[in-house]
$ cat run-v7.pdb   # PDB, C-alpha atoms
ATOM      1  CA  MET A   1     -14.690   3.176  54.197
ATOM      2  CA  ARG A   2     -17.955   2.330  55.856
ATOM      3  CA  PHE A   3     -19.762   3.930  52.962
ATOM      4  CA  MET A   4     -17.864   1.982  50.370
ATOM      5  CA  PRO A   5     -20.675  -0.534  49.679
ATOM      6  CA  VAL A   6     -23.159   2.303  49.355
ATOM      7  CA  ILE A   7     -20.921   4.138  46.904
ATOM      8  CA  LEU A   8     -20.342   0.988  44.916
ATOM      9  CA  VAL A   9     -24.043   0.295  44.671
ATOM     10  CA  ALA A  10     -24.665   3.904  43.669
ATOM     11  CA  LEU A  11     -22.021   3.642  40.942
ATOM     12  CA  LEU A  12     -23.543   0.416  39.741
ATOM     13  CA  VAL A  13     -26.980   2.002  39.509
ATOM     14  CA  LEU A  14     -25.582   5.033  37.702
ATOM     15  CA  ALA A  15     -23.796   2.791  35.263
ATOM     16  CA  LEU A  16     -27.000   1.042  34.249
ATOM     17  CA  PRO A  17     -28.209   2.093  30.837
ATOM     18  CA  ALA A  18     -30.774   4.841  30.972
ATOM     19  CA  HIS A  19     -33.969   3.340  29.765
ATOM     20  CA  ALA A  20     -36.250   4.830  27.163
ATOM     21  CA  ASP A  21     -37.421   8.145  28.516
ATOM     22  CA  SER A  22     -40.929   7.648  27.204
ATOM     23  CA  PRO A  23     -41.878   4.023  27.587
ATOM     24  CA  GLU A  24     -44.315   2.892  24.962
ATOM     25  CA  PHE A  25     -47.257   0.704  25.643
ATOM     26  CA  TYR A  26     -49.211  -0.852  22.874
ATOM     27  CA  ASP A  27     -52.394  -2.571  23.952
ATOM     28  CA  PHE A  28     -53.590  -5.617  22.089
ATOM     29  CA  ASP A  29     -56.790  -7.579  22.489
ATOM     30  CA  THR A  30     -55.192 -10.922  21.834
ATOM     31  CA  GLN A  31     -51.817 -12.551  22.202
ATOM     32  CA  ALA A  32     -51.853 -13.327  18.483
ATOM     33  CA  GLU A  33     -52.212  -9.652  17.582
ATOM     34  CA  GLU A  34     -49.320  -8.748  19.828
ATOM     35  CA  GLN A  35     -47.213 -11.435  18.199
ATOM     36  CA  ARG A  36     -48.169 -10.124  14.787
ATOM     37  CA  PHE A  37     -47.088  -6.629  15.845
ATOM     38  CA  ARG A  38     -43.763  -7.946  17.128
ATOM     39  CA  ASN A  39     -43.150  -9.815  13.891
ATOM     40  CA  LEU A  40     -43.959  -6.763  11.809
ATOM     41  CA  ILE A  41     -41.699  -4.362  13.666
ATOM     42  CA  ALA A  42     -38.930  -6.944  13.649
ATOM     43  CA  GLU A  43     -38.905  -7.177   9.858
ATOM     44  CA  LEU A  44     -39.054  -3.440   9.170
ATOM     45  CA  ARG A  45     -35.814  -1.557   8.974
ATOM     46  CA  CYS A  46     -35.092   1.841  10.474
ATOM     47  CA  PRO A  47     -34.145   4.328   7.725
ATOM     48  CA  LYS A  48     -32.086   6.443  10.110
ATOM     49  CA  CYS A  49     -30.050   3.827  11.947
ATOM     50  CA  GLN A  50     -29.621   1.509   9.070
ATOM     51  CA  ASN A  51     -28.658  -1.741  10.677
ATOM     52  CA  GLN A  52     -31.465  -1.898  13.178
ATOM     53  CA  ASN A  53     -35.046  -2.914  12.825
ATOM     54  CA  ILE A  54     -37.674  -0.553  14.139
ATOM     55  CA  ALA A  55     -38.298  -2.811  17.126
ATOM     56  CA  ASP A  56     -34.761  -2.259  18.447
ATOM     57  CA  SER A  57     -34.159   1.285  17.365
ATOM     58  CA  ASN A  58     -34.602   4.276  19.649
ATOM     59  CA  ALA A  59     -34.638   6.780  16.804
ATOM     60  CA  PRO A  60     -37.714   9.033  16.813
ATOM     61  CA  ILE A  61     -38.504   7.937  13.275
ATOM     62  CA  SER A  62     -38.678   4.318  14.439
ATOM     63  CA  LYS A  63     -41.160   5.277  17.099
ATOM     64  CA  ASP A  64     -43.286   7.033  14.475
ATOM     65  CA  MET A  65     -43.120   3.907  12.343
ATOM     66  CA  ARG A  66     -44.100   1.653  15.257
ATOM     67  CA  ASP A  67     -47.025   3.989  15.965
ATOM     68  CA  GLN A  68     -48.053   3.784  12.333
ATOM     69  CA  VAL A  69     -47.905  -0.021  12.386
ATOM     70  CA  TYR A  70     -49.956  -0.081  15.570
ATOM     71  CA  LEU A  71     -52.583   2.382  14.331
ATOM     72  CA  MET A  72     -52.983   0.558  11.041
ATOM     73  CA  MET A  73     -53.320  -2.762  12.850
ATOM     74  CA  GLN A  74     -56.030  -1.298  15.065
ATOM     75  CA  ALA A  75     -57.771  -0.051  11.920
ATOM     76  CA  GLY A  76     -57.791  -3.602  10.598
ATOM     77  CA  ALA A  77     -55.104  -3.355   7.921
ATOM     78  CA  THR A  78     -53.362  -6.471   6.628
ATOM     79  CA  ASN A  79     -49.610  -6.997   6.951
ATOM     80  CA  GLU A  80     -49.171  -6.229   3.253
ATOM     81  CA  GLU A  81     -51.059  -2.963   3.570
ATOM     82  CA  ILE A  82     -48.998  -1.916   6.574
ATOM     83  CA  VAL A  83     -45.645  -2.732   4.987
ATOM     84  CA  GLY A  84     -46.854  -1.183   1.728
ATOM     85  CA  SER A  85     -47.758   2.093   3.388
ATOM     86  CA  LEU A  86     -44.272   2.367   4.878
ATOM     87  CA  VAL A  87     -42.603   1.389   1.603
ATOM     88  CA  ASP A  88     -44.600   4.132  -0.148
ATOM     89  CA  ARG A  89     -43.094   6.666   2.208
ATOM     90  CA  PHE A  90     -39.585   5.401   2.842
ATOM     91  CA  GLY A  91     -38.891   3.120  -0.117
ATOM     92  CA  GLU A  92     -38.045  -0.568  -0.414
ATOM     93  CA  PHE A  93     -35.171   0.077   1.951
ATOM     94  CA  VAL A  94     -37.410  -0.440   4.992
ATOM     95  CA  LYS A  95     -38.013  -4.070   4.108
ATOM     96  CA  TYR A  96     -35.393  -6.495   5.247
ATOM     97  CA  LYS A  97     -36.658  -8.865   2.571
ATOM     98  CA  PRO A  98     -36.441  -7.092  -0.764
ATOM     99  CA  PRO A  99     -38.919  -8.164  -3.455
ATOM    100  CA  VAL A 100     -37.656 -10.152  -6.423
ATOM    101  CA  ASP A 101     -37.426  -7.753  -9.348
ATOM    102  CA  ARG A 102     -34.983  -6.568 -11.985
ATOM    103  CA  ARG A 103     -32.775  -4.691  -9.542
ATOM    104  CA  THR A 104     -32.601  -7.420  -6.916
ATOM    105  CA  ILE A 105     -32.493 -10.512  -9.086
ATOM    106  CA  VAL A 106     -28.700 -10.778  -8.807
ATOM    107  CA  LEU A 107     -28.992 -10.598  -5.039
ATOM    108  CA  TRP A 108     -31.582 -13.353  -4.924
ATOM    109  CA  ALA A 109     -29.982 -15.546  -7.564
ATOM    110  CA  PHE A 110     -26.443 -15.262  -6.265
ATOM    111  CA  PRO A 111     -26.597 -18.085  -3.676
ATOM    112  CA  ALA A 112     -27.961 -20.485  -6.297
ATOM    113  CA  ILE A 113     -25.353 -19.326  -8.828
ATOM    114  CA  ALA A 114     -22.572 -19.758  -6.277
ATOM    115  CA  VAL A 115     -23.713 -23.263  -5.336
ATOM    116  CA  LEU A 116     -24.108 -24.280  -8.985
ATOM    117  CA  GLY A 117     -20.719 -22.817  -9.841
ATOM    118  CA  GLY A 118     -19.127 -24.688  -6.957
ATOM    119  CA  LEU A 119     -20.756 -27.943  -8.030
ATOM    120  CA  LEU A 120     -19.536 -27.410 -11.595
ATOM    121  CA  ILE A 121     -15.980 -26.851 -10.411
ATOM    122  CA  VAL A 122     -16.070 -29.938  -8.186
ATOM    123  CA  ALA A 123     -17.598 -31.989 -10.988
ATOM    124  CA  GLY A 124     -14.919 -30.726 -13.372
ATOM    125  CA  VAL A 125     -12.102 -31.653 -11.013
ATOM    126  CA  VAL A 126     -13.553 -35.103 -10.337
ATOM    127  CA  LEU A 127     -14.194 -35.847 -14.018
ATOM    128  CA  ARG A 128     -10.756 -34.728 -15.031
ATOM    129  CA  SER A 129      -8.976 -36.837 -12.416
ATOM    130  CA  ARG A 130     -11.066 -39.849 -13.401
ATOM    131  CA  GLY A 131     -10.274 -39.307 -17.054
ATOM    132  CA  ARG A 132      -6.595 -39.252 -16.189
ATOM    133  CA  ASP A 133      -6.871 -42.578 -14.333
ATOM    134  CA  SER A 134      -8.366 -44.419 -17.247
ATOM    135  CA  ASN A 135      -6.606 -42.678 -20.122
ATOM    136  CA  GLU A 136      -3.044 -42.777 -18.940
ATOM    137  CA  PRO A 137      -1.997 -46.390 -19.175
ATOM    138  CA  ALA A 138      -0.428 -48.122 -16.267
ATOM    139  CA  LEU A 139       3.358 -48.553 -16.281
ATOM    140  CA  SER A 140       4.913 -50.071 -19.314
ATOM    141  CA  PRO A 141       6.649 -53.465 -18.827
ATOM    142  CA  GLU A 142      10.089 -51.835 -18.829
ATOM    143  CA  GLU A 143       9.039 -49.285 -16.239
ATOM    144  CA  LYS A 144       7.540 -52.050 -14.120
ATOM    145  CA  ALA A 145      10.766 -53.987 -14.237
ATOM    146  CA  ARG A 146      12.707 -50.871 -13.222
ATOM    147  CA  VAL A 147      10.421 -50.220 -10.271
ATOM    148  CA  GLU A 148      10.743 -53.773  -9.060
ATOM    149  CA  GLN A 149      14.503 -53.535  -9.404
ATOM    150  CA  MET A 150      14.543 -50.331  -7.339
ATOM    151  CA  LEU A 151      12.364 -51.838  -4.623
ATOM    152  CA  ALA A 152      14.542 -54.920  -4.464
ATOM    153  CA  ASP A 153      17.661 -52.716  -4.137
ATOM    154  CA  LYS A 154      16.041 -50.753  -1.342
ATOM    155  CA  ASP A 155      15.132 -53.958   0.477
ATOM    156  CA  GLN A 156      18.664 -55.193   0.305
ATOM    157  CA  SER A 157      20.223 -51.951   1.444
ATOM    158  CA  SER A 158      17.896 -51.727   4.462
ATOM    159  CA  ARG A 159      18.573 -55.309   5.408
ATOM    160  CA  SER A 160      22.358 -54.973   5.406
TER     161      SER A 160
ATOM    162  CA  MET B 161      -7.485 -24.463 -21.343
ATOM    163  CA  ARG B 162      -5.494 -25.040 -18.179
ATOM    164  CA  ARG B 163      -3.489 -21.882 -18.897
ATOM    165  CA  VAL B 164      -6.741 -19.894 -19.032
ATOM    166  CA  MET B 165      -7.896 -21.376 -15.740
ATOM    167  CA  LEU B 166      -4.738 -20.066 -14.087
ATOM    168  CA  PHE B 167      -5.981 -16.540 -14.695
ATOM    169  CA  MET B 168      -9.381 -17.170 -13.130
ATOM    170  CA  PRO B 169      -8.434 -16.006  -9.612
ATOM    171  CA  LEU B 170      -7.052 -12.789 -11.080
ATOM    172  CA  VAL B 171     -10.239 -12.201 -13.049
ATOM    173  CA  VAL B 172     -12.405 -12.909 -10.011
ATOM    174  CA  ALA B 173     -10.294 -10.579  -7.867
ATOM    175  CA  LEU B 174     -10.545  -7.817 -10.465
ATOM    176  CA  VAL B 175     -14.312  -8.135 -10.803
ATOM    177  CA  VAL B 176     -14.852  -8.137  -7.039
ATOM    178  CA  GLY B 177     -12.375  -5.273  -6.669
ATOM    179  CA  ILE B 178     -14.164  -3.113  -9.220
ATOM    180  CA  LEU B 179     -17.534  -3.935  -7.654
ATOM    181  CA  LEU B 180     -16.352  -2.985  -4.172
ATOM    182  CA  ALA B 181     -14.400   0.079  -5.325
ATOM    183  CA  SER B 182     -17.533   1.488  -6.910
ATOM    184  CA  GLY B 183     -19.149   1.514  -3.463
ATOM    185  CA  ILE B 184     -16.380   3.522  -1.796
ATOM    186  CA  GLY B 185     -17.316   7.092  -1.059
ATOM    187  CA  LYS B 186     -21.030   6.513  -1.377
ATOM    188  CA  ASP B 187     -23.023   7.664   1.592
ATOM    189  CA  PRO B 188     -25.228   4.749   2.606
ATOM    190  CA  SER B 189     -27.442   7.040   4.657
ATOM    191  CA  GLU B 190     -28.652   8.790   1.500
ATOM    192  CA  LEU B 191     -31.713   6.943   0.399
ATOM    193  CA  GLU B 192     -33.608   7.643  -2.730
ATOM    194  CA  SER B 193     -36.996   9.039  -1.905
ATOM    195  CA  ALA B 194     -39.919   6.754  -2.591
ATOM    196  CA  LEU B 195     -41.893   9.850  -3.538
ATOM    197  CA  ILE B 196     -39.969  10.919  -6.609
ATOM    198  CA  GLY B 197     -42.425  11.379  -9.458
ATOM    199  CA  LYS B 198     -45.353  11.428  -7.067
ATOM    200  CA  PRO B 199     -47.337  14.440  -5.870
ATOM    201  CA  VAL B 200     -46.700  15.956  -2.466
ATOM    202  CA  PRO B 201     -48.817  14.014   0.049
ATOM    203  CA  GLU B 202     -52.052  15.623   1.129
ATOM    204  CA  PHE B 203     -51.794  17.647   4.281
ATOM    205  CA  ASN B 204     -53.694  20.215   6.274
ATOM    206  CA  LEU B 205     -51.380  22.058   8.610
ATOM    207  CA  GLU B 206     -51.091  25.450  10.168
ATOM    208  CA  ASN B 207     -49.071  28.306   8.735
ATOM    209  CA  LEU B 208     -46.331  28.974  11.297
ATOM    210  CA  ARG B 209     -46.460  32.739  10.818
ATOM    211  CA  GLU B 210     -50.261  33.092  10.551
ATOM    212  CA  PRO B 211     -51.829  31.192  13.448
ATOM    213  CA  GLY B 212     -55.136  29.682  12.456
ATOM    214  CA  GLU B 213     -54.446  29.802   8.714
ATOM    215  CA  MET B 214     -54.367  26.301   7.280
ATOM    216  CA  LEU B 215     -52.131  25.246   4.420
ATOM    217  CA  ASP B 216     -52.495  22.294   2.076
ATOM    218  CA  GLN B 217     -50.743  20.730  -0.921
ATOM    219  CA  SER B 218     -52.056  23.435  -3.275
ATOM    220  CA  LEU B 219     -49.252  25.564  -1.809
ATOM    221  CA  PHE B 220     -46.930  23.885  -4.321
ATOM    222  CA  GLN B 221     -48.997  24.576  -7.407
ATOM    223  CA  GLY B 222     -47.808  27.025 -10.035
ATOM    224  CA  GLU B 223     -44.145  27.473  -9.178
ATOM    225  CA  VAL B 224     -41.075  25.322  -8.707
ATOM    226  CA  SER B 225     -40.144  25.299  -5.030
ATOM    227  CA  LEU B 226     -37.691  23.851  -2.601
ATOM    228  CA  LEU B 227     -39.271  22.262   0.434
ATOM    229  CA  ASN B 228     -36.809  22.473   3.286
ATOM    230  CA  VAL B 229     -37.442  20.345   6.371
ATOM    231  CA  TRP B 230     -35.936  22.018   9.426
ATOM    232  CA  ALA B 231     -36.194  22.326  13.180
ATOM    233  CA  GLU B 232     -34.581  24.415  15.855
ATOM    234  CA  TRP B 233     -33.301  21.269  17.607
ATOM    235  CA  CYS B 234     -31.458  20.091  14.516
ATOM    236  CA  PRO B 235     -27.792  21.165  14.599
ATOM    237  CA  ALA B 236     -27.221  20.731  10.876
ATOM    238  CA  CYS B 237     -30.146  23.073  10.211
ATOM    239  CA  TRP B 238     -28.180  25.830  11.935
ATOM    240  CA  ASP B 239     -25.276  25.069   9.624
ATOM    241  CA  GLU B 240     -27.211  25.218   6.400
ATOM    242  CA  HIS B 241     -29.346  28.217   7.245
ATOM    243  CA  GLU B 242     -26.908  30.788   5.936
ATOM    244  CA  ASP B 243     -26.886  29.022   2.584
ATOM    245  CA  LEU B 244     -30.679  28.993   2.480
ATOM    246  CA  MET B 245     -30.626  32.752   3.129
ATOM    247  CA  TRP B 246     -28.210  33.098   0.227
ATOM    248  CA  LEU B 247     -30.439  30.992  -2.031
ATOM    249  CA  ALA B 248     -33.549  32.988  -1.175
ATOM    250  CA  ASN B 249     -31.959  36.429  -1.357
ATOM    251  CA  GLU B 250     -29.326  36.122  -4.069
ATOM    252  CA  LYS B 251     -30.822  33.418  -6.270
ATOM    253  CA  GLY B 252     -34.481  34.211  -5.753
ATOM    254  CA  VAL B 253     -35.351  30.606  -5.030
ATOM    255  CA  ARG B 254     -38.803  29.963  -3.611
ATOM    256  CA  ILE B 255     -38.230  28.009  -0.421
ATOM    257  CA  ILE B 256     -41.095  26.566   1.560
ATOM    258  CA  GLY B 257     -40.164  25.611   5.100
ATOM    259  CA  LEU B 258     -41.474  22.569   6.904
ATOM    260  CA  ASN B 259     -40.946  23.165  10.596
ATOM    261  CA  TYR B 260     -40.633  19.568  11.736
ATOM    262  CA  LYS B 261     -41.489  18.380  15.263
ATOM    263  CA  ASP B 262     -40.576  21.728  16.704
ATOM    264  CA  GLN B 263     -42.079  24.177  19.159
ATOM    265  CA  LYS B 264     -43.311  27.525  17.937
ATOM    266  CA  GLU B 265     -41.259  29.658  20.299
ATOM    267  CA  ASN B 266     -38.091  27.725  19.432
ATOM    268  CA  ALA B 267     -38.809  28.069  15.724
ATOM    269  CA  PHE B 268     -39.258  31.831  16.045
ATOM    270  CA  ARG B 269     -36.110  32.134  18.156
ATOM    271  CA  PHE B 270     -34.197  30.286  15.431
ATOM    272  CA  LEU B 271     -35.554  32.526  12.662
ATOM    273  CA  GLY B 272     -35.040  35.641  14.762
ATOM    274  CA  ARG B 273     -31.400  34.834  15.214
ATOM    275  CA  LEU B 274     -30.512  33.548  11.732
ATOM    276  CA  GLY B 275     -33.033  35.233   9.438
ATOM    277  CA  ASP B 276     -35.981  33.886   7.498
ATOM    278  CA  PRO B 277     -35.461  32.590   3.953
ATOM    279  CA  TYR B 278     -38.868  30.957   3.704
ATOM    280  CA  GLN B 279     -41.709  32.144   1.530
ATOM    281  CA  THR B 280     -44.119  30.184   3.716
ATOM    282  CA  ILE B 281     -43.532  27.880   6.657
ATOM    283  CA  ILE B 282     -45.663  24.836   7.316
ATOM    284  CA  PHE B 283     -45.912  24.089  11.033
ATOM    285  CA  ASP B 284     -45.776  20.331  11.578
ATOM    286  CA  PRO B 285     -45.317  19.834  15.331
ATOM    287  CA  ARG B 286     -46.190  16.123  15.261
ATOM    288  CA  GLY B 287     -44.254  15.383  12.125
ATOM    289  CA  THR B 288     -47.215  14.006  10.195
ATOM    290  CA  LEU B 289     -46.342  15.560   6.837
ATOM    291  CA  GLY B 290     -42.703  14.736   7.534
ATOM    292  CA  PHE B 291     -43.687  11.100   8.027
ATOM    293  CA  ASP B 292     -45.710  11.048   4.808
ATOM    294  CA  LEU B 293     -42.731  12.530   2.980
ATOM    295  CA  GLY B 294     -40.497   9.790   4.361
ATOM    296  CA  VAL B 295     -38.369  12.271   6.310
ATOM    297  CA  TYR B 296     -36.076  10.376   8.657
ATOM    298  CA  GLY B 297     -33.869  13.168   9.861
ATOM    299  CA  ALA B 298     -33.701  16.895   9.341
ATOM    300  CA  PRO B 299     -32.483  18.680   7.336
ATOM    301  CA  GLU B 300     -33.893  17.329   4.116
ATOM    302  CA  THR B 301     -34.665  19.336   1.022
ATOM    303  CA  PHE B 302     -37.119  18.385  -1.709
ATOM    304  CA  VAL B 303     -37.382  19.879  -5.169
ATOM    305  CA  ILE B 304     -41.050  20.190  -6.104
ATOM    306  CA  ASP B 305     -42.177  21.192  -9.565
ATOM    307  CA  ALA B 306     -44.958  23.578 -10.520
ATOM    308  CA  GLN B 307     -47.486  20.719 -10.608
ATOM    309  CA  GLY B 308     -46.668  19.835  -7.013
ATOM    310  CA  VAL B 309     -44.761  16.691  -7.978
ATOM    311  CA  VAL B 310     -41.666  15.692  -6.004
ATOM    312  CA  ARG B 311     -38.649  15.722  -8.308
ATOM    313  CA  TYR B 312     -35.753  15.173  -5.958
ATOM    314  CA  ARG B 313     -34.892  14.659  -2.324
ATOM    315  CA  HIS B 314     -31.609  15.719  -0.770
ATOM    316  CA  VAL B 315     -30.716  14.377   2.672
ATOM    317  CA  GLY B 316     -28.357  16.555   4.684
ATOM    318  CA  VAL B 317     -27.261  20.148   4.500
ATOM    319  CA  VAL B 318     -27.662  22.330   1.448
ATOM    320  CA  ASN B 319     -24.636  24.441   0.627
ATOM    321  CA  GLU B 320     -23.323  26.212  -2.426
ATOM    322  CA  ARG B 321     -21.814  23.046  -3.883
ATOM    323  CA  VAL B 322     -24.977  20.957  -3.331
ATOM    324  CA  TRP B 323     -27.009  23.739  -4.939
ATOM    325  CA  GLU B 324     -24.779  24.156  -7.984
ATOM    326  CA  GLU B 325     -24.124  20.480  -8.625
ATOM    327  CA  ILE B 326     -27.276  18.719  -7.510
ATOM    328  CA  LEU B 327     -30.282  20.917  -6.901
ATOM    329  CA  LEU B 328     -29.908  23.562  -9.606
ATOM    330  CA  PRO B 329     -29.934  21.059 -12.505
ATOM    331  CA  VAL B 330     -33.088  19.449 -11.103
ATOM    332  CA  VAL B 331     -34.716  22.843 -10.608
ATOM    333  CA  ASN B 332     -33.837  23.888 -14.159
ATOM    334  CA  GLN B 333     -35.210  20.664 -15.533
ATOM    335  CA  ALA B 334     -38.414  21.102 -13.534
ATOM    336  CA  LYS B 335     -38.734  24.650 -14.850
ATOM    337  CA  GLY B 336     -38.128  23.510 -18.406
ATOM    338  CA  ASN B 337     -40.869  20.933 -18.282
ATOM    339  CA  SER B 338     -43.497  23.112 -16.712
TER     340      SER B 338
END
$ encode --input "run-v7.pdb" --output "structure tokens"
Amino acid sequence: MRFMPVILVALLVLALPAHADSPEFYDFDTQAEEQRFRNLIAELRCPKCQNQNIADSNAPISKDMRDQVYLMMQAGATNEEIVGSLVDRFGEFVKYKPPVDRRTIVLWAFPAIAVLGGLLIVAGVVLRSRGRDSNEPALSPEEKARVEQMLADKDQSSRS
Amino acid sequence: MRRVMLFMPLVVALVVGILLASGIGKDPSELESALIGKPVPEFNLENLREPGEMLDQSLFQGEVSLLNVWAEWCPACWDEHEDLMWLANEKGVRIIGLNYKDQKENAFRFLGRLGDPYQTIIFDPRGTLGFDLGVYGAPETFVIDAQGVVRYRHVGVVNERVWEEILLPVVNQAKGNS
């Protein structure tokens, strides 16, 4: 029992996630460059583990892609050149932001279409209910008399 | 008009249903290669079997080939190897191997145990050609025509069904055009 705390601590340590076996260090001259690198690897998608960006992914291919981004940055490439070189190899899939073209136009236009459609429906409902208000005449004199009669009856019955 | 509107939810549900149903059964991990229609990237890598001999993209000139990306550490490569042996021996297919991020002794152990279906094997220990080909996991198999242009990329194991239904038509087409 005396060793219980020790065992517990040992278990806790063992339960910690094993960290990347080969830690990567990328050296940058300036803070801005490092930020640029972080932004780039955050917006590139891992082709193997498809819902991760290459910054988060531990897949070997993501490491290769990070290396490529780093090397190209050191060689003075622009962001477009770096992303372009990866797209040439792995396809548009690696970009989280697809370009607007024939295949993706539906994807890009859909939010606007949905909002417009919704507005049209709302406008239709509003217009129609307004039209009903003005077109259908108020109660005819006979109907009015009947309503008043009914209300008067109700009053009397509740009073008694 | 109002009668028609009543059917709108049904129509919407049908359209969405058809759209979603068409996605069922598709493997999202199979990406189209960005290299289709483009020549094999330039490379200069060692021949696995002939140390010191360097290979380059001219390897793919003159004959339609399969380029099979494999490694000893890749479990699925063990699975598909028998089918590659069958393709090379029974069907006479020219298969070029790309030994991807592997170690020589492991690669030879693998071939020693399972046989060697490859006409030539490119040794790519750092995965540079693999990276240029957009390989994101072995095994992958490319169909390359006699001009060295990539015609098709198959991700995952090759077996008899994949050969008959997917690769063979592409190979025949590549042969017809060249």
$ interface_residues --input "run-v7.pdb" --of "chain B" --to "chain A" --cutoff "9 Å" --atoms "all atoms listed in the file" --output "ChimeraX atom specification"
/B:188-189,191-195,287,291-297
$ atom_distance --input "run-v7.pdb" --atom1 "CA of Arg36 (chain A)" --atom2 "CA of Ala55 (chain A)"
12.5 Å
$ residues_around --input "run-v7.pdb" --residues "Asp56 (chain A)" --least-positions-apart "3" --cutoff "8 Å" --atoms "only C-alpha atoms" --output "PyMOL selection string"
chain A and resi 42+52-53
$ residues_around --input "run-v7.pdb" --residues "Gly290 (chain B)" --least-positions-apart "6" --cutoff "9 Å" --atoms "all atoms listed in the file" --output "JSON, numbers by chain"
{"B": [229, 258, 260, 261, 284, 296]}
$ atom_distance --input "run-v7.pdb" --atom1 "CA of Val106 (chain A)" --atom2 "CA of Val175 (chain B)"
14.8 Å
$ resolve_selection --input "run-v7.pdb" --expression "the PyMOL selection byres ((chain B and resi 206) around 6)" --output "list in words"
Leu205, Asn207, Glu213, Met214, Leu215 and Phe283 of chain B
$ write_last_selection --input "run-v7.pdb" --atoms "C-alpha atoms" --output "mmCIF file, in the frame of the given file"
data_model
loop_
_atom_site.group_PDB
_atom_site.id
_atom_site.type_symbol
_atom_site.label_atom_id
_atom_site.label_comp_id
_atom_site.auth_asym_id
_atom_site.auth_seq_id
_atom_site.Cartn_x
_atom_site.Cartn_y
_atom_site.Cartn_z
ATOM 1 C CA LEU B 205 -51.380 22.058 8.610
ATOM 2 C CA ASN B 207 -49.071 28.306 8.735
ATOM 3 C CA GLU B 213 -54.446 29.802 8.714
ATOM 4 C CA MET B 214 -54.367 26.301 7.280
ATOM 5 C CA LEU B 215 -52.131 25.246 4.420
ATOM 6 C CA PHE B 283 -45.912 24.089 11.033
#
$ atom_distance --input "run-v7.pdb" --atom1 "CA of Ile82 (chain A)" --atom2 "CA of Leu40 (chain A)"
8.7 Å
